[in-house]
file entry03.cif (mmCIF, C-alpha atoms and all ligand atoms)
data_model
#
loop_
_atom_site.label_atom_id
_atom_site.label_comp_id
_atom_site.auth_asym_id
_atom_site.auth_seq_id
_atom_site.Cartn_x
_atom_site.Cartn_y
_atom_site.Cartn_z
CA VAL A 1 126.16 113.69 103.01
CA GLY A 2 127.00 113.42 99.32
CA GLU A 3 130.74 113.89 99.85
CA ALA A 4 130.93 111.42 102.73
CA LEU A 5 129.06 108.87 100.61
CA ASP A 6 131.41 109.45 97.66
CA ARG A 7 134.40 108.83 99.93
CA LEU A 8 132.71 105.70 101.30
CA VAL A 9 132.10 104.35 97.78
CA GLU A 10 135.75 104.94 96.98
CA ALA A 11 136.94 103.24 100.19
CA LEU A 12 134.64 100.25 99.56
CA GLY A 13 135.97 99.78 96.04
CA ASP A 14 134.45 96.72 94.36
CA LEU A 15 132.30 96.02 97.44
CA ALA A 16 130.17 99.15 96.84
CA ARG A 17 126.94 98.90 94.90
CA PRO A 18 125.68 102.46 94.44
CA ALA A 19 121.91 103.16 94.13
CA HIS A 20 121.03 99.55 94.87
CA PRO A 21 117.32 98.66 95.26
CA ILE A 22 116.65 97.43 98.80
CA GLY A 23 112.84 97.68 98.99
CA GLU A 24 112.71 94.35 97.22
CA LEU A 25 114.93 92.82 99.90
CA THR A 26 112.05 93.30 102.36
CA THR A 27 108.95 91.15 102.66
CA TYR A 28 106.71 94.18 101.95
CA ARG A 29 108.55 94.45 98.60
CA VAL A 30 108.04 98.21 98.49
CA GLY A 31 110.48 101.09 98.88
CA GLY A 32 113.45 102.50 97.03
CA PRO A 33 117.22 102.11 96.78
CA ALA A 34 120.06 102.55 99.26
CA ALA A 35 122.56 105.23 98.24
CA VAL A 36 125.21 102.54 98.74
CA TYR A 37 124.72 98.81 99.34
CA ALA A 38 127.28 96.21 100.37
CA GLU A 39 126.95 92.48 100.91
CA PRO A 40 130.27 91.23 102.28
CA ASP A 41 130.51 87.46 102.03
CA THR A 42 133.80 86.81 103.86
CA GLU A 43 135.36 88.05 107.11
CA PRO A 44 138.05 90.04 105.22
CA ALA A 45 135.36 91.71 103.10
CA LEU A 46 133.39 92.54 106.25
CA VAL A 47 136.51 94.01 107.85
CA ARG A 48 136.96 96.20 104.77
CA VAL A 49 133.36 97.44 105.07
CA VAL A 50 133.75 98.18 108.78
CA GLU A 51 137.03 100.03 108.14
CA ALA A 52 135.41 102.07 105.38
CA VAL A 53 132.41 103.06 107.54
CA SER A 54 134.05 103.56 110.93
CA GLY A 55 134.94 107.14 111.64
CA THR A 56 132.45 108.46 109.03
CA ASP A 57 129.06 109.91 109.92
CA VAL A 58 127.29 108.00 107.12
CA ASP A 59 123.98 106.49 108.29
CA VAL A 60 123.93 102.70 108.23
CA LEU A 61 121.05 100.30 107.84
CA VAL A 62 121.68 96.68 108.71
CA LEU A 63 119.41 94.43 106.70
CA GLY A 64 118.48 90.97 107.86
CA ASN A 65 115.78 89.13 105.96
CA GLY A 66 113.73 92.34 105.71
CA SER A 67 110.70 90.78 107.40
CA ASN A 68 110.14 93.60 109.87
CA LEU A 69 111.22 96.58 107.83
CA LEU A 70 109.56 99.33 105.78
CA VAL A 71 111.87 101.23 103.42
CA ALA A 72 110.73 104.66 102.17
CA ASP A 73 109.95 105.10 98.46
CA ARG A 74 112.78 107.64 98.17
CA GLY A 75 115.13 104.99 99.57
CA PHE A 76 117.79 105.22 102.25
CA GLU A 77 120.45 107.96 102.08
CA GLY A 78 123.28 105.93 103.56
CA LEU A 79 124.94 102.53 103.52
CA ALA A 80 122.70 99.46 103.63
CA LEU A 81 124.60 96.39 104.71
CA LYS A 82 123.54 92.78 104.44
CA LEU A 83 125.66 89.79 105.43
CA GLY A 84 126.42 87.38 102.59
CA ASP A 85 125.46 83.69 102.62
CA SER A 86 128.66 82.56 104.34
CA PHE A 87 127.41 84.22 107.55
CA SER A 88 124.51 81.74 107.76
CA SER A 89 126.28 78.72 109.22
CA ILE A 90 124.68 76.61 111.96
CA ARG A 91 126.98 74.56 114.22
CA ILE A 92 125.55 72.29 116.89
CA ASP A 93 127.66 70.95 119.75
CA GLY A 94 125.62 69.04 122.33
CA THR A 95 122.86 71.44 123.38
CA THR A 96 124.75 74.54 122.23
CA VAL A 97 123.95 76.09 118.86
CA ALA A 98 126.24 78.64 117.19
CA ALA A 99 124.32 80.35 114.40
CA GLY A 100 125.57 82.98 111.96
CA ALA A 101 123.48 86.15 111.94
CA GLY A 102 122.26 85.40 108.42
CA ALA A 103 120.81 81.99 109.32
CA LEU A 104 117.03 82.00 109.00
CA LEU A 105 114.94 81.14 112.06
CA PRO A 106 112.83 78.45 110.32
CA VAL A 107 116.05 76.73 109.19
CA VAL A 108 117.54 76.86 112.70
CA ALA A 109 114.24 75.58 114.16
CA ARG A 110 114.13 72.59 111.79
CA ARG A 111 117.85 71.79 112.13
CA THR A 112 117.81 71.81 115.92
CA ALA A 113 114.61 69.72 116.05
CA ALA A 114 116.19 67.20 113.66
CA GLU A 115 119.14 66.96 116.08
CA GLY A 116 116.74 66.05 118.89
CA LEU A 117 116.97 69.43 120.58
CA THR A 118 113.97 71.25 122.01
CA GLY A 119 113.36 74.93 122.78
CA PHE A 120 113.53 76.57 119.36
CA GLU A 121 110.44 75.07 117.69
CA TRP A 122 108.49 78.37 118.07
CA ALA A 123 110.88 80.07 115.61
CA VAL A 124 109.74 78.02 112.61
CA GLY A 125 106.98 80.55 111.92
CA VAL A 126 109.15 83.68 112.06
CA PRO A 127 110.70 84.42 108.65
CA GLY A 128 113.60 86.50 109.97
CA SER A 129 117.34 86.05 110.35
CA ILE A 130 119.14 85.33 113.62
CA GLY A 131 120.57 88.89 113.58
CA GLY A 132 117.16 90.50 113.12
CA ALA A 133 115.64 88.17 115.72
CA VAL A 134 118.26 89.19 118.31
CA ARG A 135 117.73 92.90 117.58
CA MET A 136 113.93 92.49 117.82
CA ASN A 137 113.93 89.81 120.54
CA ALA A 138 111.55 87.98 118.20
CA GLY A 139 109.14 85.54 119.72
CA GLY A 140 105.92 83.64 119.42
CA HIS A 141 103.89 80.75 120.81
CA GLY A 142 104.93 81.66 124.37
CA SER A 143 108.69 81.81 123.70
CA GLU A 144 111.20 84.42 122.56
CA MET A 145 114.89 84.74 121.72
CA ALA A 146 115.66 85.82 125.29
CA GLY A 147 114.67 82.35 126.50
CA SER A 148 117.59 80.57 124.84
CA LEU A 149 120.06 83.27 123.74
CA ARG A 150 123.35 83.16 125.65
CA ARG A 151 125.67 85.60 123.83
CA VAL A 152 126.23 87.41 120.56
CA ARG A 153 129.20 88.73 118.64
CA VAL A 154 128.61 92.37 117.78
CA VAL A 155 130.59 94.80 115.62
CA ASP A 156 130.05 98.52 116.08
CA LEU A 157 130.07 99.92 112.55
CA HIS A 158 131.01 103.44 113.58
CA THR A 159 133.81 102.65 116.07
CA GLY A 160 134.94 99.34 114.58
CA GLU A 161 134.76 97.74 118.04
CA ASP A 162 134.26 93.98 117.75
CA GLY A 163 133.30 91.97 120.81
CA VAL A 164 131.10 89.46 122.54
CA MET A 165 128.06 90.56 124.54
CA GLU A 166 126.39 88.28 127.05
CA ALA A 167 122.60 88.06 126.66
CA ASP A 168 121.98 89.58 130.09
CA ARG A 169 123.63 92.78 128.85
CA LEU A 170 121.28 93.07 125.85
CA ASP A 171 118.30 94.44 127.81
CA LEU A 172 116.02 91.92 126.08
CA ALA A 173 112.33 92.66 126.59
CA TYR A 174 109.16 92.31 124.54
CA ARG A 175 110.30 93.07 120.94
CA HIS A 176 113.17 95.12 122.33
CA SER A 177 116.94 94.87 122.72
CA ALA A 178 119.80 97.26 123.41
CA ILE A 179 121.30 96.59 119.93
CA ALA A 180 121.63 100.02 118.27
CA PRO A 181 121.15 100.78 114.54
CA ASP A 182 124.91 100.87 113.92
CA GLN A 183 125.63 97.64 115.76
CA LEU A 184 125.93 94.57 113.56
CA VAL A 185 125.16 91.20 115.14
CA LEU A 186 127.48 88.65 113.53
CA ASP A 187 126.50 85.45 115.28
CA ALA A 188 124.56 84.13 118.24
CA THR A 189 125.06 81.32 120.72
CA ILE A 190 121.84 79.62 121.74
CA GLU A 191 121.42 77.05 124.49
CA LEU A 192 118.69 74.41 124.05
CA GLU A 193 117.76 71.16 125.80
CA HIS A 194 117.87 67.53 124.79
CA GLY A 195 114.42 66.40 123.71
CA GLU A 196 112.76 63.93 121.38
CA ARG A 197 113.15 64.51 117.68
CA ALA A 198 109.65 63.19 116.81
CA ARG A 199 108.03 65.39 119.42
CA ALA A 200 109.93 68.53 118.34
CA GLU A 201 109.04 67.90 114.68
CA GLN A 202 105.40 67.35 115.59
CA GLU A 203 105.36 70.69 117.40
CA ILE A 204 106.90 72.35 114.34
CA ALA A 205 104.25 70.83 112.08
CA GLY A 206 101.54 72.13 114.44
CA ILE A 207 102.97 75.66 114.41
CA VAL A 208 103.26 75.68 110.60
CA ARG A 209 99.62 74.56 110.33
CA TRP A 210 98.47 77.21 112.85
CA ARG A 211 100.30 79.95 110.93
CA ARG A 212 98.83 78.85 107.61
CA GLU A 213 95.32 78.91 109.07
CA ASN A 214 95.60 82.15 111.02
CA GLN A 215 97.96 84.43 109.11
CA PRO A 216 97.57 85.99 105.68
CA GLY A 217 99.98 85.47 102.83
CA GLY A 218 101.02 88.21 100.43
CA ALA A 219 103.58 90.95 100.99
CA ASN A 220 103.54 91.78 104.70
CA ALA A 221 105.93 92.18 107.62
CA GLY A 222 104.07 90.24 110.29
CA SER A 223 102.61 92.16 113.21
CA VAL A 224 102.50 95.89 112.47
CA PHE A 225 102.00 97.03 116.08
CA THR A 226 103.16 95.54 119.37
CA ASN A 227 100.52 94.30 121.76
CA PRO A 228 99.72 96.81 124.51
CA PRO A 229 99.97 95.41 128.06
CA ASP A 230 97.25 92.79 128.67
CA ASP A 231 95.61 93.34 125.28
CA SER A 232 96.13 92.47 121.63
CA ALA A 233 96.78 95.00 118.88
CA GLY A 234 94.82 92.79 116.46
CA ARG A 235 91.75 92.81 118.73
CA LEU A 236 91.86 96.62 119.09
CA ILE A 237 92.28 97.16 115.32
CA ASP A 238 89.41 94.77 114.61
CA ALA A 239 87.23 96.53 117.23
CA ALA A 240 87.99 99.87 115.52
CA GLY A 241 86.50 98.42 112.32
CA CYS A 242 89.78 98.51 110.38
CA LYS A 243 89.84 94.98 108.95
CA GLY A 244 90.00 95.33 105.16
CA LEU A 245 90.66 99.10 105.38
CA ARG A 246 92.48 100.26 102.23
CA TRP A 247 94.89 103.18 101.76
CA GLY A 248 96.08 103.38 98.16
CA SER A 249 98.14 100.26 97.51
CA ALA A 250 98.02 98.99 101.13
CA GLU A 251 95.30 97.08 102.94
CA VAL A 252 94.68 95.87 106.49
CA SER A 253 94.43 92.11 106.09
CA PRO A 254 90.81 90.94 106.25
CA LYS A 255 92.20 87.75 107.87
CA HIS A 256 94.37 89.21 110.64
CA ALA A 257 93.84 92.85 111.64
CA ASN A 258 97.45 93.41 112.79
CA PHE A 259 98.85 92.57 109.34
CA ILE A 260 99.11 95.05 106.47
CA GLN A 261 99.47 93.73 102.94
CA ALA A 262 101.13 95.77 100.20
CA ASP A 263 100.04 95.36 96.58
CA ALA A 264 102.66 94.26 94.07
CA GLY A 265 104.35 97.42 92.84
CA GLY A 266 102.80 99.32 95.75
CA ARG A 267 104.15 102.31 97.68
CA ALA A 268 105.77 102.48 101.10
CA ALA A 269 103.97 105.81 101.60
CA ASP A 270 100.65 103.94 101.43
CA VAL A 271 101.77 101.35 104.01
CA LEU A 272 102.94 104.18 106.29
CA GLY A 273 99.74 106.17 105.69
CA LEU A 274 97.61 103.15 106.52
CA MET A 275 99.58 102.51 109.73
CA ALA A 276 98.96 106.11 110.82
CA GLU A 277 95.26 105.88 109.94
CA VAL A 278 94.82 102.61 111.84
CA ARG A 279 96.62 104.12 114.83
CA ARG A 280 94.30 107.18 114.77
CA ARG A 281 91.15 105.05 114.49
CA VAL A 282 92.21 102.74 117.33
CA ALA A 283 92.98 105.75 119.55
CA GLU A 284 89.55 107.16 118.75
CA SER A 285 87.70 103.92 119.46
CA SER A 286 89.64 102.64 122.49
CA GLY A 287 91.94 105.46 123.69
CA VAL A 288 95.07 103.32 123.06
CA TRP A 289 97.92 104.71 120.93
CA LEU A 290 99.47 101.63 119.36
CA VAL A 291 103.27 101.40 119.05
CA PRO A 292 104.70 100.11 115.74
CA GLU A 293 106.71 96.89 115.87
CA THR A 294 107.86 97.49 112.28
CA ARG A 295 111.23 99.27 111.82
CA PHE A 296 111.51 102.17 109.37
CA ALA A 297 114.31 103.27 107.06
CA GLY A 298 114.58 106.41 104.94
CA PHE A 299 111.58 108.30 106.32
CA THR A 300 111.80 111.84 107.68
CA ARG A 301 111.11 112.81 111.27
CA ALA A 302 107.92 114.56 110.12
CA GLU A 303 106.69 111.46 108.29
CA LEU A 304 107.25 109.25 111.32
CA ALA A 305 105.86 111.74 113.83
CA GLU A 306 102.32 110.50 113.15
CA LEU A 307 103.41 107.03 114.26
CA GLY A 308 105.03 108.28 117.43
CA VAL A 309 108.45 106.82 116.58
CA GLY A 310 111.85 108.37 115.90
CA VAL A 311 113.92 108.14 112.72
CA GLY A 312 116.48 105.37 112.27
CA PRO A 313 116.08 101.66 111.77
C1 LIG B 1 104.70 86.41 107.97
C2 LIG B 1 105.48 87.00 109.11
C3 LIG B 1 105.30 86.53 110.38
C4 LIG B 1 106.02 87.05 111.45
N1 LIG B 1 105.83 86.56 112.71
C5 LIG B 1 106.56 87.03 113.74
C6 LIG B 1 106.41 86.47 115.06
O1 LIG B 1 105.65 85.56 115.29
N2 LIG B 1 107.17 86.98 116.05
C7 LIG B 1 108.06 88.01 115.83
O2 LIG B 1 108.74 88.41 116.78
N3 LIG B 1 108.21 88.55 114.61
C8 LIG B 1 107.48 88.09 113.57
N4 LIG B 1 107.64 88.63 112.31
C9 LIG B 1 108.54 89.79 112.13
C10 LIG B 1 109.99 89.45 111.78
O3 LIG B 1 110.08 88.19 111.14
C11 LIG B 1 110.90 89.47 113.01
O4 LIG B 1 110.91 90.75 113.61
C12 LIG B 1 112.33 89.10 112.66
O5 LIG B 1 113.08 88.96 113.85
C13 LIG B 1 113.01 90.14 111.77
O6 LIG B 1 114.22 89.60 111.32
P1 LIG B 1 114.84 90.05 109.92
O7 LIG B 1 116.13 89.36 109.76
O8 LIG B 1 113.86 89.92 108.83
O9 LIG B 1 115.12 91.59 110.26
P2 LIG B 1 114.91 92.88 109.31
O10 LIG B 1 113.48 93.07 109.04
O11 LIG B 1 115.85 92.82 108.17
O12 LIG B 1 115.39 94.00 110.34
C14 LIG B 1 114.66 94.23 111.54
C15 LIG B 1 115.55 95.05 112.48
O13 LIG B 1 116.68 94.26 112.86
C16 LIG B 1 117.90 94.89 112.47
N5 LIG B 1 118.83 93.83 112.04
C17 LIG B 1 118.65 92.89 111.09
N6 LIG B 1 119.72 92.08 111.00
C18 LIG B 1 120.61 92.52 111.94
C19 LIG B 1 121.92 92.14 112.34
N7 LIG B 1 122.57 91.10 111.77
N8 LIG B 1 122.53 92.85 113.31
C20 LIG B 1 121.91 93.90 113.89
N9 LIG B 1 120.68 94.34 113.56
C21 LIG B 1 120.04 93.64 112.60
C22 LIG B 1 117.50 95.84 111.35
O14 LIG B 1 118.41 96.90 111.23
C23 LIG B 1 116.13 96.29 111.83
O15 LIG B 1 116.24 97.27 112.84
C24 LIG B 1 106.94 88.11 111.22
C25 LIG B 1 107.12 88.59 109.92
C26 LIG B 1 106.41 88.04 108.87
C27 LIG B 1 106.64 88.56 107.47
#

call {"tool": "encode", "arguments": {"input": "entry03.cif", "output": "structure tokens"}}
result
Amino acid sequence: VGEALDRLVEALGDLARPAHPIGELTTYRVGGPAAVYAEPDTEPALVRVVEAVSGTDVDVLVLGNGSNLLVADRGFEGLALKLGDSFSSIRIDGTTVAAGAGALLPVVARRTAAEGLTGFEWAVGVPGSIGGAVRMNAGGHGSEMAGSLRRVRVVDLHTGEDGVMEADRLDLAYRHSAIAPDQLVLDATIELEHGERARAEQEIAGIVRWRRENQPGGANAGSVFTNPPDDSAGRLIDAAGCKGLRWGSAEVSPKHANFIQADAGGRAADVLGLMAEVRRRVAESSGVWLVPETRFAGFTRAELAELGVGVGP
């Protein structure tokens, strides 16, 4: 791994940032560095990164806004890649929205509402990027990305293949898509409907209020576990008596049982340990093994085994 990473650093030249802290690029604000980090801010720079990575067997971690990601304390032994600000453009043409993968959902929600479009208001409460939202098929308030997503531009970081994928080929399901860890979403085309600006903005204000009243603040990554069919992970965790449960520097939110809050300067190992403990207690009290919604980077197979998930973001 070391040699391949050395060659990658050399090929990246001034784009490579070795041993760059990435835990702080996540909303949990815990976890260590990436062996190599790059943040290309132009198409030519991105092409250089893709050329440097393709053909190597270096692990890649695509970072969006880090709002659904737990990075191990030891960090990530590969290349972490985040798109620079210039990949955050939002272009609106009639009811069609072309958004760069770096655009944040709340910004897209407010922009489209201000243009008198309806159908994306739900996204105002999800603090992720368009790229992360496509990968996760993010959703809320009865809607999800799949409802309005038409197509995405995707670059395969290991083959260099760059192409457009129609939404019906993305296998979008509840918090699931066919986007693989080494596929980088570059932009998304979203189709909305004409509506009334005042009405859309009122809906946005209502969602913001609901979130403020029902969700905790602090360093968290939203829902920790997906909802099992016909039930809610939060209800099951609450019923297992886990609200307020503490594991070192991590705590199950006393306000919303499916949120974990990390202390400032806390450890990813504590967040992971608490997830495993909550999962055990819920299985004991209700027989349901919860499935994490959170994505993991830098953990070993053995560490993740207790959560029933594989390695890889
Ligand atoms: C307070 C709070 C509330 C939340 N509420 C909701 C909610 O209501 N509904 C919901 O669905 N989620 C919610 N989330 C979780 C999170 O915001 C979403 O999952 C979001 O889509 C993650 O986007 P991100 O850009 O932060 O992705 P990251 O956390 O950076 O990454 C998540 C996954 O997407 C991949 N990824 C990121 N960018 C790209 C890209 N450009 N191309 C390919 N893959 C990429 C990563 O590799 C990783 O596998 C919440 C989180 C917080 C902190």

call {"tool": "closest_residue", "arguments": {"input": "entry03.cif", "among": "A:Pro216, A:Pro229, A:Pro106, A:Gly273", "to": "Ala250 (chain A)", "atoms": "only C-alpha atoms"}}
result
A:Gly273

call {"tool": "closest_residue", "arguments": {"input": "entry03.cif", "among": "A:Gly119, A:Gly206, A:Gly287, A:Gly222", "to": "Glu144 (chain A)", "atoms": "only C-alpha atoms"}}
result
A:Gly119

call {"tool": "closest_residue", "arguments": {"input": "entry03.cif", "among": "A:Gly32, A:Gly132, A:Gly94, A:Gly78", "to": "ligand LIG 1 (chain B)", "atoms": "all atoms listed in the file"}}
result
A:Gly132

call {"tool": "residues_near_ligand", "arguments": {"input": "entry03.cif", "ligand": "ligand LIG 1 (chain B)", "cutoff": "8 Å", "atoms": "all atoms listed in the file", "output": "ChimeraX atom specification"}}
result
/A:26-28,61-69,82-83,101-102,104,123,125-141,144,154,175,179-187,215-217,219-223,293-296,313

call {"tool": "closest_residue", "arguments": {"input": "entry03.cif", "among": "A:Val291, A:Ala269, A:Ile22, A:Val60", "to": "Gly310 (chain A)", "atoms": "all atoms listed in the file"}}
result
A:Val291

call {"tool": "closest_residue", "arguments": {"input": "entry03.cif", "among": "A:Asp238, A:Asp59, A:Glu191, A:Asp73", "to": "Leu272 (chain A)", "atoms": "only C-alpha atoms"}}
result
A:Asp73

call {"tool": "axis_aligned_box", "arguments": {"input": "entry03.cif", "around": "region 10-27 of chain A", "padding_each_side": "8 Å", "output": "AutoDock Vina command-line options"}}
result
--center_x 122.9 --center_y 98.0 --center_z 98.4 --size_x 44.0 --size_y 29.8 --size_z 24.5

call {"tool": "residues_near_point", "arguments": {"input": "entry03.cif", "point": "(124.5, 99.5, 95.8)", "cutoff": "8 Å", "atoms": "all atoms listed in the file", "output": "list in words"}}
result
Ala16, Arg17, Pro18, Ala19, His20, Pro21, Pro33, Ala34, Ala35, Val36, Tyr37 and Ala38 of chain A

call {"tool": "residues_around", "arguments": {"input": "entry03.cif", "residues": "Arg267 (chain A)", "least_positions_apart": "3", "cutoff": "9 Å", "atoms": "all atoms listed in the file", "output": "list in words"}}
result
Val30, Gly31, Ala72, Asp73, Gly248, Ser249, Ala250, Ala262, Asp263, Ala264, Asp270, Val271 and Leu272 of chain A

call {"tool": "closest_residue", "arguments": {"input": "entry03.cif", "among": "A:Glu115, A:Asp156, A:Asp168, A:Glu213", "to": "Arg199 (chain A)", "atoms": "only C-alpha atoms"}}
result
A:Glu115

call {"tool": "atom_distance", "arguments": {"input": "entry03.cif", "atom1": "CA of Asp93 (chain A)", "atom2": "CA of Ser148 (chain A)"}}
result
14.8 Å

call {"tool": "atom_distance", "arguments": {"input": "entry03.cif", "atom1": "CA of Ile90 (chain A)", "atom2": "CA of Leu70 (chain A)"}}
result
28.0 Å

call {"tool": "atom_distance", "arguments": {"input": "entry03.cif", "atom1": "CA of Phe87 (chain A)", "atom2": "CA of Arg48 (chain A)"}}
result
15.6 Å

call {"tool": "residues_near_point", "arguments": {"input": "entry03.cif", "point": "(105.8, 107.9, 118.0)", "cutoff": "12 Å", "atoms": "all atoms listed in the file", "output": "list in words"}}
result
Phe225, Met275, Ala276, Arg279, Arg280, Trp289, Leu290, Val291, Pro292, Glu293, Arg295, Phe296, Arg301, Ala302, Glu303, Leu304, Ala305, Glu306, Leu307, Gly308, Val309, Gly310 and Val311 of chain A

call {"tool": "residues_around", "arguments": {"input": "entry03.cif", "residues": "region 4-8 of chain A", "least_positions_apart": "3", "cutoff": "7 Å", "atoms": "all atoms listed in the file", "output": "mmCIF file with C-alpha atoms, keeping the file's coordinate frame"}}
result
data_model
loop_
_atom_site.group_PDB
_atom_site.id
_atom_site.type_symbol
_atom_site.label_atom_id
_atom_site.label_comp_id
_atom_site.auth_asym_id
_atom_site.auth_seq_id
_atom_site.Cartn_x
_atom_site.Cartn_y
_atom_site.Cartn_z
ATOM 1 C CA VAL A 1 126.160 113.690 103.010
ATOM 2 C CA ALA A 11 136.940 103.240 100.190
ATOM 3 C CA LEU A 12 134.640 100.250 99.560
ATOM 4 C CA ALA A 52 135.410 102.070 105.380
ATOM 5 C CA VAL A 53 132.410 103.060 107.540
ATOM 6 C CA VAL A 58 127.290 108.000 107.120
#

call {"tool": "residues_around", "arguments": {"input": "entry03.cif", "residues": "Phe120 (chain A)", "least_positions_apart": "5", "cutoff": "9 Å", "atoms": "only C-alpha atoms", "output": "PDB file with C-alpha atoms, in the frame of the given file"}}
result
ATOM      1  CA  LEU A 105     114.940  81.140 112.060  1.00  0.00           C
ATOM      2  CA  VAL A 108     117.540  76.860 112.700  1.00  0.00           C
ATOM      3  CA  ALA A 109     114.240  75.580 114.160  1.00  0.00           C
ATOM      4  CA  ARG A 110     114.130  72.590 111.790  1.00  0.00           C
ATOM      5  CA  THR A 112     117.810  71.810 115.920  1.00  0.00           C
ATOM      6  CA  ALA A 113     114.610  69.720 116.050  1.00  0.00           C
ATOM      7  CA  SER A 143     108.690  81.810 123.700  1.00  0.00           C
ATOM      8  CA  GLU A 144     111.200  84.420 122.560  1.00  0.00           C
ATOM      9  CA  MET A 145     114.890  84.740 121.720  1.00  0.00           C
ATOM     10  CA  SER A 148     117.590  80.570 124.840  1.00  0.00           C
ATOM     11  CA  LEU A 192     118.690  74.410 124.050  1.00  0.00           C
ATOM     12  CA  ALA A 200     109.930  68.530 118.340  1.00  0.00           C
TER      13      ALA A 200
END

call {"tool": "residues_around", "arguments": {"input": "entry03.cif", "residues": "Thr159 (chain A)", "least_positions_apart": "5", "cutoff": "9 Å", "atoms": "all atoms listed in the file", "output": "list in words"}}
result
Val50, Glu51, Val53, Ser54 and Gly55 of chain A

call {"tool": "write_last_selection", "arguments": {"input": "entry03.cif", "atoms": "C-alpha atoms", "output": "PDB file, in the coordinates of the input"}}
result
ATOM      1  CA  VAL A  50     133.750  98.180 108.780  1.00  0.00           C
ATOM      2  CA  GLU A  51     137.030 100.030 108.140  1.00  0.00           C
ATOM      3  CA  VAL A  53     132.410 103.060 107.540  1.00  0.00           C
ATOM      4  CA  SER A  54     134.050 103.560 110.930  1.00  0.00           C
ATOM      5  CA  GLY A  55     134.940 107.140 111.640  1.00  0.00           C
TER       6      GLY A  55
END

call {"tool": "decode", "arguments": {"input": "entry03.cif", "residues": "region 215-250 of chain A", "atoms": "C-alpha atoms", "output": "compact mmCIF listing (two decimals), in the first residue's frame"}}
result
# COMPACT_ATOMS: atom_id res chain seq x y z
CA GLN A 215 -33.76 16.90 16.23
CA PRO A 216 -30.75 17.46 18.47
CA GLY A 217 -27.90 19.80 17.64
CA GLY A 218 -24.28 19.01 18.37
CA ALA A 219 -21.93 16.79 16.38
CA ASN A 220 -24.04 14.05 14.81
CA ALA A 221 -24.66 12.42 11.44
CA GLY A 222 -28.44 12.28 11.43
CA SER A 223 -30.12 8.89 11.66
CA VAL A 224 -27.65 6.22 12.77
CA PHE A 225 -29.75 3.22 11.70
CA THR A 226 -32.25 2.78 8.87
CA ASN A 227 -35.84 2.12 9.80
CA PRO A 228 -36.75 -1.57 9.64
CA PRO A 229 -39.83 -2.36 7.50
CA ASP A 230 -42.99 -0.90 9.08
CA ASP A 231 -41.16 0.31 12.20
CA SER A 232 -38.88 3.11 13.32
CA ALA A 233 -35.32 2.64 14.52
CA GLY A 234 -35.80 5.54 16.96
CA ARG A 235 -38.84 3.86 18.54
CA LEU A 236 -36.97 0.54 18.95
CA ILE A 237 -33.89 2.24 20.47
CA ASP A 238 -36.10 4.22 22.85
CA ALA A 239 -38.01 1.03 23.81
CA ALA A 240 -34.66 -0.67 24.56
CA GLY A 241 -33.97 2.09 27.10
CA CYS A 242 -31.00 3.53 25.20
CA LYS A 243 -31.89 7.23 25.20
CA GLY A 244 -29.03 9.06 26.91
CA LEU A 245 -26.82 5.94 26.91
CA ARG A 246 -23.15 6.97 27.04
CA TRP A 247 -20.08 5.15 25.70
CA GLY A 248 -16.92 7.14 26.42
CA SER A 249 -17.16 10.34 24.38
CA ALA A 250 -20.37 9.36 22.55
